[in-house]
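Next comes target.cif, a file with mmCIF, C-alpha atoms and all ligand atoms.
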data_input
loop_
_atom_site.label_atom_id
_atom_site.label_comp_id
_atom_site.auth_asym_id
_atom_site.auth_seq_id
_atom_site.Cartn_x
_atom_site.Cartn_y
_atom_site.Cartn_z
CA MET A 1 -0.91 -1.36 -20.62
CA LYS A 2 -1.04 2.25 -19.44
CA PRO A 3 -0.50 2.73 -15.67
CA PHE A 4 -3.42 2.69 -13.28
CA ALA A 5 -4.61 5.81 -11.49
CA LYS A 6 -2.32 6.75 -8.59
CA SER A 7 -5.34 6.99 -6.31
CA MET A 8 -5.66 3.19 -6.51
CA ALA A 9 -2.51 2.93 -4.38
CA ARG A 10 -4.34 4.75 -1.58
CA ILE A 11 -7.43 2.57 -1.41
CA GLY A 12 -7.48 -0.53 0.79
CA THR A 13 -9.29 -3.82 0.58
CA GLU A 14 -10.92 -6.21 3.05
CA SER A 15 -8.94 -9.28 4.00
CA ALA A 16 -12.25 -11.03 4.73
CA PHE A 17 -12.47 -11.69 1.01
CA GLU A 18 -8.95 -13.19 0.93
CA VAL A 19 -9.72 -15.49 3.86
CA LEU A 20 -12.95 -16.51 2.16
CA ALA A 21 -11.02 -17.39 -1.04
CA ARG A 22 -8.58 -19.58 0.96
CA CYS A 23 -11.56 -21.26 2.69
CA ARG A 24 -13.15 -22.09 -0.66
CA GLU A 25 -9.85 -23.60 -1.83
CA LEU A 26 -9.59 -25.77 1.29
CA GLU A 27 -13.24 -26.78 0.93
CA ARG A 28 -12.62 -27.79 -2.69
CA GLN A 29 -9.90 -30.10 -1.35
CA GLY A 30 -12.59 -31.70 0.81
CA LYS A 31 -11.62 -30.04 4.14
CA ARG A 32 -14.36 -29.04 6.56
CA ILE A 33 -14.18 -25.37 7.52
CA LEU A 34 -15.96 -23.75 10.45
CA HIS A 35 -16.80 -20.23 9.32
CA PHE A 36 -16.25 -17.49 11.89
CA GLU A 37 -14.99 -14.90 9.41
CA ILE A 38 -18.26 -13.88 7.81
CA GLY A 39 -19.99 -10.71 8.96
CA GLU A 40 -23.55 -11.49 8.01
CA PRO A 41 -26.50 -12.95 9.90
CA ASP A 42 -27.02 -16.66 9.21
CA PHE A 43 -30.82 -16.23 9.30
CA PRO A 44 -33.27 -15.97 6.43
CA SER A 45 -34.78 -12.55 5.67
CA PRO A 46 -38.24 -12.18 7.27
CA PRO A 47 -40.86 -13.99 5.09
CA HIS A 48 -43.04 -10.89 4.67
CA VAL A 49 -40.03 -9.04 3.25
CA VAL A 50 -39.43 -11.79 0.68
CA GLU A 51 -43.13 -11.69 -0.22
CA ALA A 52 -43.04 -7.91 -0.64
CA ALA A 53 -40.06 -8.16 -3.01
CA LYS A 54 -41.82 -10.86 -5.10
CA LYS A 55 -45.06 -8.92 -5.17
CA ALA A 56 -43.28 -5.75 -6.26
CA LEU A 57 -41.62 -7.67 -9.11
CA ASP A 58 -44.97 -9.13 -10.18
CA GLN A 59 -46.53 -5.67 -10.09
CA GLY A 60 -43.87 -4.32 -12.41
CA PHE A 61 -41.78 -2.25 -10.01
CA THR A 62 -38.80 -2.76 -12.29
CA HIS A 63 -38.00 0.72 -13.59
CA TYR A 64 -35.81 3.58 -12.35
CA THR A 65 -36.83 5.47 -9.24
CA PRO A 66 -35.66 8.94 -8.14
CA PRO A 67 -31.92 8.62 -7.26
CA GLN A 68 -32.58 9.67 -3.67
CA GLY A 69 -34.95 6.71 -3.20
CA ILE A 70 -38.74 6.34 -3.31
CA LEU A 71 -40.66 8.70 -1.04
CA GLU A 72 -42.55 5.83 0.63
CA LEU A 73 -39.31 4.28 1.84
CA ARG A 74 -37.79 7.62 2.88
CA GLU A 75 -40.93 8.34 4.91
CA ALA A 76 -40.75 4.89 6.50
CA VAL A 77 -37.12 5.66 7.43
CA CYS A 78 -38.22 8.96 9.03
CA GLU A 79 -40.74 7.07 11.17
CA GLU A 80 -38.13 4.47 12.12
CA ILE A 81 -35.69 7.23 13.15
CA GLU A 82 -38.40 8.87 15.25
CA ARG A 83 -39.16 5.54 16.95
CA SER A 84 -35.56 4.56 17.58
CA ARG A 85 -33.62 7.85 17.86
CA GLY A 86 -36.31 10.20 19.17
CA PHE A 87 -36.38 12.81 16.40
CA LYS A 88 -38.18 12.87 13.07
CA PRO A 89 -36.08 13.94 10.08
CA LYS A 90 -37.63 15.32 6.89
CA PRO A 91 -37.73 12.93 3.92
CA ASP A 92 -35.36 15.38 2.16
CA GLN A 93 -32.74 14.48 4.77
CA VAL A 94 -32.88 10.80 3.78
CA ILE A 95 -30.99 9.08 0.97
CA ILE A 96 -31.44 5.41 0.10
CA GLY A 97 -28.37 3.49 -1.09
CA PRO A 98 -27.43 -0.03 -2.18
CA GLY A 99 -26.22 -0.87 1.34
CA GLY A 100 -24.74 1.27 4.07
CA LYS A 101 -21.35 1.16 2.35
CA PRO A 102 -22.21 3.43 -0.61
CA ILE A 103 -23.77 5.88 1.84
CA ILE A 104 -20.46 6.06 3.72
CA LEU A 105 -18.62 6.42 0.40
CA PHE A 106 -20.88 9.24 -0.84
CA ALA A 107 -20.77 11.06 2.48
CA MET A 108 -16.97 10.95 2.61
CA LEU A 109 -16.44 11.87 -1.04
CA ALA A 110 -18.76 14.84 -0.59
CA THR A 111 -16.99 16.17 2.52
CA VAL A 112 -13.29 15.25 2.81
CA GLU A 113 -10.30 15.89 0.57
CA GLU A 114 -6.57 16.55 0.50
CA GLY A 115 -5.44 18.62 3.45
CA ASP A 116 -8.21 17.28 5.72
CA GLU A 117 -7.85 14.92 8.65
CA VAL A 118 -10.38 12.23 9.49
CA ILE A 119 -10.43 10.70 12.98
CA VAL A 120 -11.29 7.00 13.03
CA GLN A 121 -11.33 4.23 15.60
CA ASP A 122 -8.48 1.70 15.39
CA PRO A 123 -9.35 -1.14 15.01
CA ALA A 124 -12.38 -0.29 12.86
CA TYR A 125 -14.37 -1.35 9.84
CA PRO A 126 -11.74 -0.98 7.10
CA MET A 127 -13.64 1.20 4.62
CA TYR A 128 -13.53 4.40 6.71
CA ALA A 129 -9.73 4.68 6.51
CA SER A 130 -9.66 3.29 3.01
CA ILE A 131 -12.09 5.85 1.57
CA ALA A 132 -10.67 8.77 3.56
CA ASN A 133 -7.25 7.89 2.10
CA TYR A 134 -8.70 7.49 -1.36
CA ALA A 135 -10.25 10.94 -1.09
CA GLY A 136 -6.75 12.27 -0.30
CA ALA A 137 -7.38 13.00 3.38
CA LYS A 138 -5.10 11.95 6.25
CA VAL A 139 -6.41 9.25 8.54
CA VAL A 140 -5.87 9.91 12.24
CA PRO A 141 -6.44 6.69 14.20
CA VAL A 142 -7.62 6.56 17.80
CA ARG A 143 -6.23 3.42 19.39
CA LEU A 144 -8.99 1.55 21.23
CA ARG A 145 -8.00 -0.07 24.50
CA GLU A 146 -9.19 -3.42 25.80
CA GLU A 147 -9.05 -2.09 29.40
CA ASN A 148 -11.61 0.48 28.31
CA ASP A 149 -13.92 -2.08 26.66
CA PHE A 150 -12.64 -0.83 23.27
CA ARG A 151 -14.67 2.37 23.64
CA MET A 152 -13.50 5.60 22.02
CA THR A 153 -13.88 8.33 24.60
CA ALA A 154 -14.27 12.08 24.15
CA GLU A 155 -10.77 12.58 25.63
CA ASP A 156 -9.34 10.21 23.01
CA VAL A 157 -10.93 12.31 20.27
CA ASN A 158 -9.97 15.62 21.87
CA GLU A 159 -6.29 14.63 21.81
CA LYS A 160 -6.44 14.10 18.06
CA VAL A 161 -8.34 17.19 16.93
CA THR A 162 -6.27 19.74 14.99
CA ARG A 163 -7.12 22.70 12.78
CA LYS A 164 -7.19 20.28 9.86
CA THR A 165 -9.73 17.86 11.33
CA LYS A 166 -12.80 17.69 9.11
CA MET A 167 -14.63 14.57 10.23
CA VAL A 168 -14.90 12.12 13.11
CA VAL A 169 -16.20 8.63 12.37
CA ILE A 170 -17.89 6.64 15.12
CA ASN A 171 -19.31 3.15 14.92
CA SER A 172 -21.38 1.80 17.79
CA PRO A 173 -22.06 -1.07 18.31
CA GLN A 174 -18.69 -1.60 16.74
CA ASN A 175 -17.19 -3.92 14.20
CA PRO A 176 -14.79 -5.65 15.01
CA THR A 177 -14.82 -5.36 18.82
CA GLY A 178 -18.55 -5.37 19.60
CA SER A 179 -18.02 -2.33 21.84
CA VAL A 180 -20.90 0.04 22.57
CA LEU A 181 -20.31 3.74 23.28
CA SER A 182 -21.96 5.12 26.41
CA LYS A 183 -24.25 8.14 26.37
CA GLU A 184 -21.37 10.16 27.89
CA ASP A 185 -18.96 9.02 25.15
CA VAL A 186 -21.40 9.96 22.38
CA THR A 187 -22.34 13.28 23.99
CA GLY A 188 -18.70 14.22 24.60
CA ILE A 189 -17.66 13.37 21.03
CA ALA A 190 -20.66 15.26 19.62
CA GLU A 191 -19.72 18.32 21.71
CA ILE A 192 -16.19 18.23 20.30
CA ALA A 193 -17.66 18.05 16.79
CA GLU A 194 -19.89 21.04 17.59
CA ASP A 195 -17.09 23.10 19.15
CA ASN A 196 -14.79 22.48 16.18
CA ASP A 197 -17.45 22.50 13.47
CA LEU A 198 -16.70 18.94 12.29
CA TRP A 199 -18.72 16.42 10.34
CA LEU A 200 -19.70 13.49 12.52
CA LEU A 201 -20.28 10.25 10.64
CA SER A 202 -22.14 7.81 12.86
CA ASP A 203 -22.30 4.27 11.48
CA GLU A 204 -25.22 2.71 13.36
CA ILE A 205 -25.70 -0.39 11.23
CA TYR A 206 -25.64 -2.63 14.35
CA ASN A 207 -27.92 -0.45 16.52
CA ARG A 208 -30.57 -3.16 16.84
CA ILE A 209 -28.04 -5.86 17.72
CA ILE A 210 -27.32 -4.84 21.28
CA TYR A 211 -27.49 -6.74 24.58
CA GLY A 212 -28.53 -5.11 27.82
CA ALA A 213 -27.21 -1.70 26.76
CA GLU A 214 -28.85 1.28 25.13
CA HIS A 215 -27.92 2.71 21.76
CA PHE A 216 -27.29 6.47 21.66
CA SER A 217 -27.09 8.35 18.41
CA PRO A 218 -25.33 11.71 18.17
CA ALA A 219 -27.96 12.59 15.53
CA THR A 220 -30.46 13.08 18.35
CA ARG A 221 -28.56 16.27 19.28
CA ASP A 222 -28.75 18.07 15.94
CA ALA A 223 -31.60 16.09 14.36
CA ALA A 224 -29.02 15.27 11.63
CA ALA A 225 -29.58 18.81 10.40
CA GLU A 226 -26.20 20.38 11.17
CA ARG A 227 -23.30 17.92 11.10
CA THR A 228 -24.33 14.37 11.87
CA ILE A 229 -24.52 11.77 9.14
CA LEU A 230 -26.39 8.75 10.46
CA VAL A 231 -25.80 5.53 8.51
CA ASP A 232 -28.09 2.54 8.92
CA GLY A 233 -29.46 -0.24 6.76
CA PHE A 234 -31.21 -3.53 6.37
CA SER A 235 -28.28 -5.97 6.06
CA LYS A 236 -27.83 -6.74 9.74
CA ALA A 237 -31.16 -5.95 11.45
CA TYR A 238 -33.24 -7.83 8.88
CA ALA A 239 -30.66 -10.33 7.58
CA MET A 240 -30.94 -8.70 4.14
CA THR A 241 -27.25 -8.51 3.15
CA GLY A 242 -27.84 -9.64 -0.44
CA TYR A 243 -30.67 -7.21 -1.13
CA ARG A 244 -28.17 -4.35 -0.89
CA LEU A 245 -30.21 -1.74 0.92
CA GLY A 246 -29.18 0.97 3.36
CA TYR A 247 -29.77 4.62 4.09
CA GLY A 248 -28.26 7.84 5.33
CA VAL A 249 -29.89 10.63 7.31
CA ALA A 250 -27.96 13.88 7.03
CA PRO A 251 -28.28 17.65 6.60
CA GLU A 252 -30.36 18.35 3.50
CA LYS A 253 -27.55 20.23 1.72
CA LEU A 254 -25.19 17.30 2.14
CA VAL A 255 -27.86 14.85 0.98
CA GLN A 256 -28.16 16.91 -2.23
CA LYS A 257 -24.42 16.43 -2.87
CA MET A 258 -24.68 12.71 -2.12
CA VAL A 259 -27.57 12.47 -4.58
CA VAL A 260 -25.30 13.93 -7.29
CA LEU A 261 -22.84 11.11 -6.58
CA ALA A 262 -25.72 8.60 -6.73
CA ILE A 263 -26.84 10.01 -10.09
CA ASN A 264 -23.32 9.60 -11.43
CA THR A 265 -22.92 6.01 -10.21
CA ILE A 266 -25.91 3.90 -9.22
CA SER A 267 -28.82 5.97 -10.70
CA CYS A 268 -31.03 4.43 -8.03
CA VAL A 269 -31.41 1.39 -5.79
CA THR A 270 -33.18 -1.65 -7.29
CA THR A 271 -36.84 -0.68 -7.28
CA PHE A 272 -38.44 -3.84 -5.91
CA VAL A 273 -35.75 -3.99 -3.21
CA GLN A 274 -36.82 -0.55 -1.98
CA LEU A 275 -40.38 -1.90 -1.60
CA ALA A 276 -39.02 -4.85 0.38
CA GLY A 277 -37.40 -2.24 2.62
CA VAL A 278 -40.76 -0.57 3.24
CA ALA A 279 -42.17 -3.96 4.29
CA ALA A 280 -39.18 -4.56 6.60
CA LEU A 281 -39.63 -1.24 8.43
CA LYS A 282 -43.43 -1.27 8.57
CA GLY A 283 -44.07 -4.98 9.11
CA PRO A 284 -43.69 -7.19 12.20
CA GLN A 285 -40.34 -6.88 13.96
CA ASP A 286 -40.39 -10.28 15.69
CA SER A 287 -37.75 -11.81 13.37
CA THR A 288 -35.22 -9.20 14.50
CA ALA A 289 -36.05 -9.72 18.19
CA LYS A 290 -35.70 -13.50 17.82
CA MET A 291 -32.42 -13.17 15.98
CA VAL A 292 -30.96 -10.81 18.58
CA GLY A 293 -32.03 -13.22 21.37
CA GLU A 294 -30.17 -16.03 19.63
CA PHE A 295 -27.09 -13.84 19.06
CA ARG A 296 -27.04 -13.06 22.76
CA ALA A 297 -27.05 -16.74 23.73
CA ARG A 298 -24.24 -17.38 21.25
CA ARG A 299 -22.23 -14.46 22.58
CA ASP A 300 -22.42 -15.93 26.09
CA LEU A 301 -21.38 -19.32 24.73
CA ILE A 302 -18.43 -18.10 22.67
CA VAL A 303 -17.11 -15.69 25.34
CA SER A 304 -17.08 -18.32 28.08
CA GLY A 305 -15.72 -20.90 25.63
CA LEU A 306 -12.85 -18.72 24.43
CA ASN A 307 -11.92 -17.77 27.99
CA GLY A 308 -11.44 -21.48 28.65
CA VAL A 309 -8.84 -21.80 25.87
CA ARG A 310 -5.19 -21.45 26.89
CA GLY A 311 -3.70 -18.18 25.66
CA PHE A 312 -7.07 -16.58 24.84
CA LYS A 313 -8.63 -13.73 26.79
CA CYS A 314 -12.01 -12.54 25.61
CA ALA A 315 -13.95 -9.44 26.69
CA ASN A 316 -17.74 -9.58 26.81
CA PRO A 317 -19.03 -7.26 24.06
CA LYS A 318 -22.39 -5.52 24.36
CA GLY A 319 -23.30 -5.43 20.70
CA ALA A 320 -22.93 -6.58 17.06
CA PHE A 321 -22.09 -10.27 16.50
CA TYR A 322 -18.31 -10.25 16.92
CA VAL A 323 -15.85 -11.09 19.65
CA PHE A 324 -12.29 -9.83 19.61
CA PRO A 325 -10.19 -12.00 21.92
CA ASN A 326 -6.67 -11.07 22.93
CA ILE A 327 -4.36 -13.86 21.71
CA THR A 328 -0.97 -12.45 22.73
CA ARG A 329 -0.46 -15.20 25.33
CA THR A 330 -0.57 -17.84 22.58
CA GLY A 331 2.82 -16.41 21.58
CA MET A 332 1.56 -15.81 18.06
CA GLY A 333 0.85 -12.62 16.16
CA SER A 334 -2.60 -11.94 14.68
CA ALA A 335 -1.86 -13.06 11.13
CA GLU A 336 0.08 -16.11 12.30
CA CYS A 337 -2.74 -17.09 14.66
CA GLY A 338 -5.38 -16.63 11.93
CA ASN A 339 -3.41 -18.82 9.52
CA TYR A 340 -2.76 -21.45 12.18
CA LEU A 341 -6.45 -21.66 13.07
CA LEU A 342 -7.44 -22.06 9.43
CA GLU A 343 -4.74 -24.45 8.27
CA LYS A 344 -4.51 -26.63 11.42
CA GLY A 345 -7.98 -26.35 12.86
CA GLY A 346 -10.19 -25.58 9.86
CA ILE A 347 -11.41 -22.50 11.77
CA ALA A 348 -11.76 -19.35 9.69
CA VAL A 349 -11.33 -16.03 11.56
CA LEU A 350 -9.96 -12.61 10.64
CA PRO A 351 -6.68 -11.26 12.05
CA GLY A 352 -7.19 -8.16 14.18
CA THR A 353 -4.77 -6.33 11.89
CA ALA A 354 -7.39 -6.52 9.11
CA PHE A 355 -9.03 -3.65 11.02
CA GLY A 356 -5.96 -1.49 11.68
CA ASP A 357 -2.55 -1.62 13.34
CA ALA A 358 -4.10 -1.58 16.82
CA GLY A 359 -5.72 -4.93 16.01
CA GLU A 360 -2.34 -6.67 16.46
CA GLY A 361 -2.63 -9.23 19.24
CA TYR A 362 -6.29 -9.98 18.50
CA VAL A 363 -8.41 -12.03 16.11
CA ARG A 364 -12.06 -11.49 15.24
CA PHE A 365 -14.65 -14.23 15.46
CA SER A 366 -18.10 -13.58 13.97
CA TYR A 367 -20.66 -15.65 15.87
CA ALA A 368 -23.21 -15.45 13.08
CA THR A 369 -23.13 -19.23 13.06
CA SER A 370 -24.91 -21.99 14.98
CA ARG A 371 -24.33 -22.87 18.64
CA GLU A 372 -23.27 -26.36 17.47
CA ASN A 373 -20.54 -24.80 15.33
CA ILE A 374 -19.44 -22.62 18.26
CA LYS A 375 -19.18 -25.66 20.57
CA GLU A 376 -17.28 -27.65 17.94
CA MET A 377 -14.91 -24.71 17.33
CA ILE A 378 -14.16 -24.35 21.05
CA GLU A 379 -13.36 -28.07 21.35
CA LYS A 380 -10.98 -27.80 18.38
CA LEU A 381 -9.31 -24.74 19.89
CA LYS A 382 -8.82 -26.54 23.21
CA ALA A 383 -7.17 -29.39 21.34
CA LEU A 384 -4.94 -26.99 19.36
CA PHE A 385 -3.77 -24.92 22.37
C1 LIG B 1 -19.57 -1.36 10.59
C2 LIG B 1 -20.22 -1.66 9.30
N1 LIG B 1 -20.73 -0.65 8.58
C3 LIG B 1 -21.32 -0.85 7.41
C4 LIG B 1 -21.42 -2.12 6.87
C5 LIG B 1 -22.04 -2.22 5.50
O1 LIG B 1 -23.15 -2.97 5.41
P1 LIG B 1 -24.06 -2.92 4.11
O2 LIG B 1 -23.33 -2.21 3.02
O3 LIG B 1 -24.33 -4.36 3.78
O4 LIG B 1 -25.29 -2.17 4.53
C6 LIG B 1 -20.91 -3.21 7.58
C7 LIG B 1 -20.95 -4.56 7.01
O5 LIG B 1 -20.27 -5.46 7.40
C8 LIG B 1 -20.29 -2.97 8.83
O6 LIG B 1 -19.77 -3.96 9.56
#
Let me see whether you can do it: turn the structure in this file into structure tokens.
Amino acid sequence: MKPFAKSMARIGTESAFEVLARCRELERQGKRILHFEIGEPDFPSPPHVVEAAKKALDQGFTHYTPPQGILELREAVCEEIERSRGFKPKPDQVIIGPGGKPIILFAMLATVEEGDEVIVQDPAYPMYASIANYAGAKVVPVRLREENDFRMTAEDVNEKVTRKTKMVVINSPQNPTGSVLSKEDVTGIAEIAEDNDLWLLSDEIYNRIIYGAEHFSPATRDAAAERTILVDGFSKAYAMTGYRLGYGVAPEKLVQKMVVLAINTISCVTTFVQLAGVAALKGPQDSTAKMVGEFRARRDLIVSGLNGVRGFKCANPKGAFYVFPNITRTGMGSAECGNYLLEKGGIAVLPGTAFGDAGEGYVRFSYATSRENIKEMIEKLKALF
């Protein structure tokens, strides 16, 4: 066999998939596993969305669409951005993708390369560093601090900016910590991006899953017309992970480059899925509100539960559906703790190190699972520690 491309050595993976494989193996052996590793809502997609997808199939929406996405959906996105972020982009600033992930991929491939530096939160969603590396850029991590509610501040970013910095990536509400950036944080980081002429990639996939805090988008400053790339999608807000549907709002010239990447790879997003997306944005929003209410109750349950377990110390996150407890006082490292929980307790979590070096000393629990499962998990943890 000929050797693989050298670039493959620079791309990372997600250990969530490895943990999932081990879970399946244990389940095949008849063991009961409590799943806290999965990052997807455990709710059905709203019924009117399912109906819209079926209807679109029946009506023959089964052929290619323009690679940028159908106009009806891009217009619905513009209205959603106006409602939620306070500015109305042009449909030419919107690109539809098969999930938020390909939007992040296209945006990075179109903007960063060898010789560039990309500032990312650490810990963070793994693909930012992975794709920046793959593109040949240098990843510059900003270590998030528990004392600071895992927020990345403008000072943190300022310390890392050099002449080579090309992009800053922010994610709020954040995976894996659940942290939410304040208006001051977002404004300060956006000002640094403006002063240094940087791209600002803002992953806002969890913007609707927020508790008692407000979501601020840096895109409100430049109407995503100068430097901000806003990423959002349907996976989390509408429990539509398997549909594969997301979008980016960015400067028109960048969108044109991203469309070239779409033409070369996906051609377009599944046509009837795009129509389901229109129904999600334009239809009733009560499913999302109900889901977020339930997530909030679970957050309260899991945070107080974990703080009652010896060796665990858990902050109270304001968004997403993750908690990121400090486990250093258990005497174990992240990976060791994750393995111990799975093998001894049948509790699947992700080690903090799956999200970067600064995740050492933490594990991530996703509370996209029932309150009964949370209560059972806490009882098992109390017995283990
Ligand atoms: C921070 C963050 N961004 C983006 C995504 C991608 O979601 P999708 O590609 O399903 O839209 C996820 C999914 O877990 C995420 O946690």
Show me a table, sorted first by chain and then by increasing residue number, of the residues of chain A having an atom at most 10 Å from ligand LIG 1 (chain B), each with its shortest atom pair and the distance in Å to one decimal, counting only C-alpha atoms and all ligand atoms and written as JSON lines.
{"residue": "A:Ile38", "atom": "CA", "partner": "B:LIG1", "partner_atom": "O5", "distance": 8.7}
{"residue": "A:Gly39", "atom": "CA", "partner": "B:LIG1", "partner_atom": "O5", "distance": 5.5}
{"residue": "A:Glu40", "atom": "CA", "partner": "B:LIG1", "partner_atom": "O5", "distance": 6.9}
{"residue": "A:Gly97", "atom": "CA", "partner": "B:LIG1", "partner_atom": "O4", "distance": 8.6}
{"residue": "A:Pro98", "atom": "CA", "partner": "B:LIG1", "partner_atom": "O2", "distance": 7.0}
{"residue": "A:Gly99", "atom": "CA", "partner": "B:LIG1", "partner_atom": "O4", "distance": 3.6}
{"residue": "A:Gly100", "atom": "CA", "partner": "B:LIG1", "partner_atom": "O4", "distance": 3.5}
{"residue": "A:Lys101", "atom": "CA", "partner": "B:LIG1", "partner_atom": "O2", "distance": 4.0}
{"residue": "A:Pro102", "atom": "CA", "partner": "B:LIG1", "partner_atom": "O2", "distance": 6.8}
{"residue": "A:Ile103", "atom": "CA", "partner": "B:LIG1", "partner_atom": "O2", "distance": 8.2}
{"residue": "A:Ile104", "atom": "CA", "partner": "B:LIG1", "partner_atom": "C3", "distance": 7.9}
{"residue": "A:Ala124", "atom": "CA", "partner": "B:LIG1", "partner_atom": "C1", "distance": 7.6}
{"residue": "A:Tyr125", "atom": "CA", "partner": "B:LIG1", "partner_atom": "C1", "distance": 5.3}
{"residue": "A:Pro126", "atom": "CA", "partner": "B:LIG1", "partner_atom": "C1", "distance": 8.6}
{"residue": "A:Met127", "atom": "CA", "partner": "B:LIG1", "partner_atom": "N1", "distance": 8.3}
{"residue": "A:Tyr128", "atom": "CA", "partner": "B:LIG1", "partner_atom": "N1", "distance": 9.0}
{"residue": "A:Ile170", "atom": "CA", "partner": "B:LIG1", "partner_atom": "C1", "distance": 9.3}
{"residue": "A:Asn171", "atom": "CA", "partner": "B:LIG1", "partner_atom": "C1", "distance": 6.3}
{"residue": "A:Ser172", "atom": "CA", "partner": "B:LIG1", "partner_atom": "C1", "distance": 8.1}
{"residue": "A:Pro173", "atom": "CA", "partner": "B:LIG1", "partner_atom": "C1", "distance": 8.1}
{"residue": "A:Gln174", "atom": "CA", "partner": "B:LIG1", "partner_atom": "C1", "distance": 6.2}
{"residue": "A:Asn175", "atom": "CA", "partner": "B:LIG1", "partner_atom": "C1", "distance": 5.0}
{"residue": "A:Pro176", "atom": "CA", "partner": "B:LIG1", "partner_atom": "O6", "distance": 7.6}
{"residue": "A:Gly178", "atom": "CA", "partner": "B:LIG1", "partner_atom": "C1", "distance": 9.9}
{"residue": "A:Ser202", "atom": "CA", "partner": "B:LIG1", "partner_atom": "N1", "distance": 9.6}
{"residue": "A:Asp203", "atom": "CA", "partner": "B:LIG1", "partner_atom": "N1", "distance": 5.9}
{"residue": "A:Glu204", "atom": "CA", "partner": "B:LIG1", "partner_atom": "N1", "distance": 7.4}
{"residue": "A:Ile205", "atom": "CA", "partner": "B:LIG1", "partner_atom": "N1", "distance": 5.6}
{"residue": "A:Tyr206", "atom": "CA", "partner": "B:LIG1", "partner_atom": "C1", "distance": 7.3}
{"residue": "A:Val231", "atom": "CA", "partner": "B:LIG1", "partner_atom": "C3", "distance": 7.9}
{"residue": "A:Asp232", "atom": "CA", "partner": "B:LIG1", "partner_atom": "O4", "distance": 7.0}
{"residue": "A:Gly233", "atom": "CA", "partner": "B:LIG1", "partner_atom": "O4", "distance": 5.1}
{"residue": "A:Phe234", "atom": "CA", "partner": "B:LIG1", "partner_atom": "O4", "distance": 6.3}
{"residue": "A:Ser235", "atom": "CA", "partner": "B:LIG1", "partner_atom": "O3", "distance": 4.8}
{"residue": "A:Lys236", "atom": "CA", "partner": "B:LIG1", "partner_atom": "O3", "distance": 7.3}
{"residue": "A:Ala237", "atom": "CA", "partner": "B:LIG1", "partner_atom": "O4", "distance": 9.8}
{"residue": "A:Ala239", "atom": "CA", "partner": "B:LIG1", "partner_atom": "O3", "distance": 9.5}
{"residue": "A:Met240", "atom": "CA", "partner": "B:LIG1", "partner_atom": "O3", "distance": 7.9}
{"residue": "A:Thr241", "atom": "CA", "partner": "B:LIG1", "partner_atom": "O3", "distance": 5.1}
{"residue": "A:Gly242", "atom": "CA", "partner": "B:LIG1", "partner_atom": "O3", "distance": 7.6}
{"residue": "A:Tyr243", "atom": "CA", "partner": "B:LIG1", "partner_atom": "O3", "distance": 8.5}
{"residue": "A:Arg244", "atom": "CA", "partner": "B:LIG1", "partner_atom": "O3", "distance": 6.0}
{"residue": "A:Leu245", "atom": "CA", "partner": "B:LIG1", "partner_atom": "O4", "distance": 6.1}
{"residue": "A:Gly246", "atom": "CA", "partner": "B:LIG1", "partner_atom": "O4", "distance": 5.1}
{"residue": "A:Tyr247", "atom": "CA", "partner": "B:LIG1", "partner_atom": "O4", "distance": 8.1}
{"residue": "A:Ala320", "atom": "CA", "partner": "B:LIG1", "partner_atom": "O6", "distance": 8.5}
{"residue": "A:Phe321", "atom": "CA", "partner": "B:LIG1", "partner_atom": "O6", "distance": 9.7}
{"residue": "A:Tyr322", "atom": "CA", "partner": "B:LIG1", "partner_atom": "O6", "distance": 9.8}
Exercise for the section: Taking (-41.4, -4.3, 12.5) in the file's own coordinates, collect the residues within 12 Å, counting only C-alpha atoms, and hand them back as JSON, numbers by chain. Expected result: {"A": [46, 48, 49, 76, 77, 79, 80, 83, 84, 208, 234, 237, 238, 277, 278, 279, 280, 281, 282, 283, 284, 285, 286, 287, 288, 289]}
Residue subset to file, keeping C-alpha atoms, as a compact mmCIF listing (two decimals), in the frame of the given file:
# COMPACT_ATOMS: atom_id res chain seq x y z
CA PRO A 46 -38.24 -12.18 7.27
CA HIS A 48 -43.04 -10.89 4.67
CA VAL A 49 -40.03 -9.04 3.25
CA ALA A 76 -40.75 4.89 6.50
CA VAL A 77 -37.12 5.66 7.43
CA GLU A 79 -40.74 7.07 11.17
CA GLU A 80 -38.13 4.47 12.12
CA ARG A 83 -39.16 5.54 16.95
CA SER A 84 -35.56 4.56 17.58
CA ARG A 208 -30.57 -3.16 16.84
CA PHE A 234 -31.21 -3.53 6.37
CA ALA A 237 -31.16 -5.95 11.45
CA TYR A 238 -33.24 -7.83 8.88
CA GLY A 277 -37.40 -2.24 2.62
CA VAL A 278 -40.76 -0.57 3.24
CA ALA A 279 -42.17 -3.96 4.29
CA ALA A 280 -39.18 -4.56 6.60
CA LEU A 281 -39.63 -1.24 8.43
CA LYS A 282 -43.43 -1.27 8.57
CA GLY A 283 -44.07 -4.98 9.11
CA PRO A 284 -43.69 -7.19 12.20
CA GLN A 285 -40.34 -6.88 13.96
CA ASP A 286 -40.39 -10.28 15.69
CA SER A 287 -37.75 -11.81 13.37
CA THR A 288 -35.22 -9.20 14.50
CA ALA A 289 -36.05 -9.72 18.19
Practice task
Can you work out the spacing between CA of Asn316 (chain A) and CA of His215 (chain A) in Å, to one decimal?
Solution key: 16.7 Å
Handout entry: region 329-333 of chain A surroundings by all atoms listed in the file, 9 Å radius, close-in-sequence under 5 positions cut, as a VMD selection string
Key = chain A and resid 310 to 313 338 351 360 to 362 385
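The closest residue to Cys78 (chain A), picked from A:Phe4, A:Val180, A:Val249, A:Ala110 and counting only C-alpha atoms, is A:Val249.
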Handout entry: Nearest to Leu181 (chain A), chosen from A:Asp195, A:Asp156, A:Asp149, A:Asp42, with all atoms listed in the file counted in the distances
Key = A:Asp149
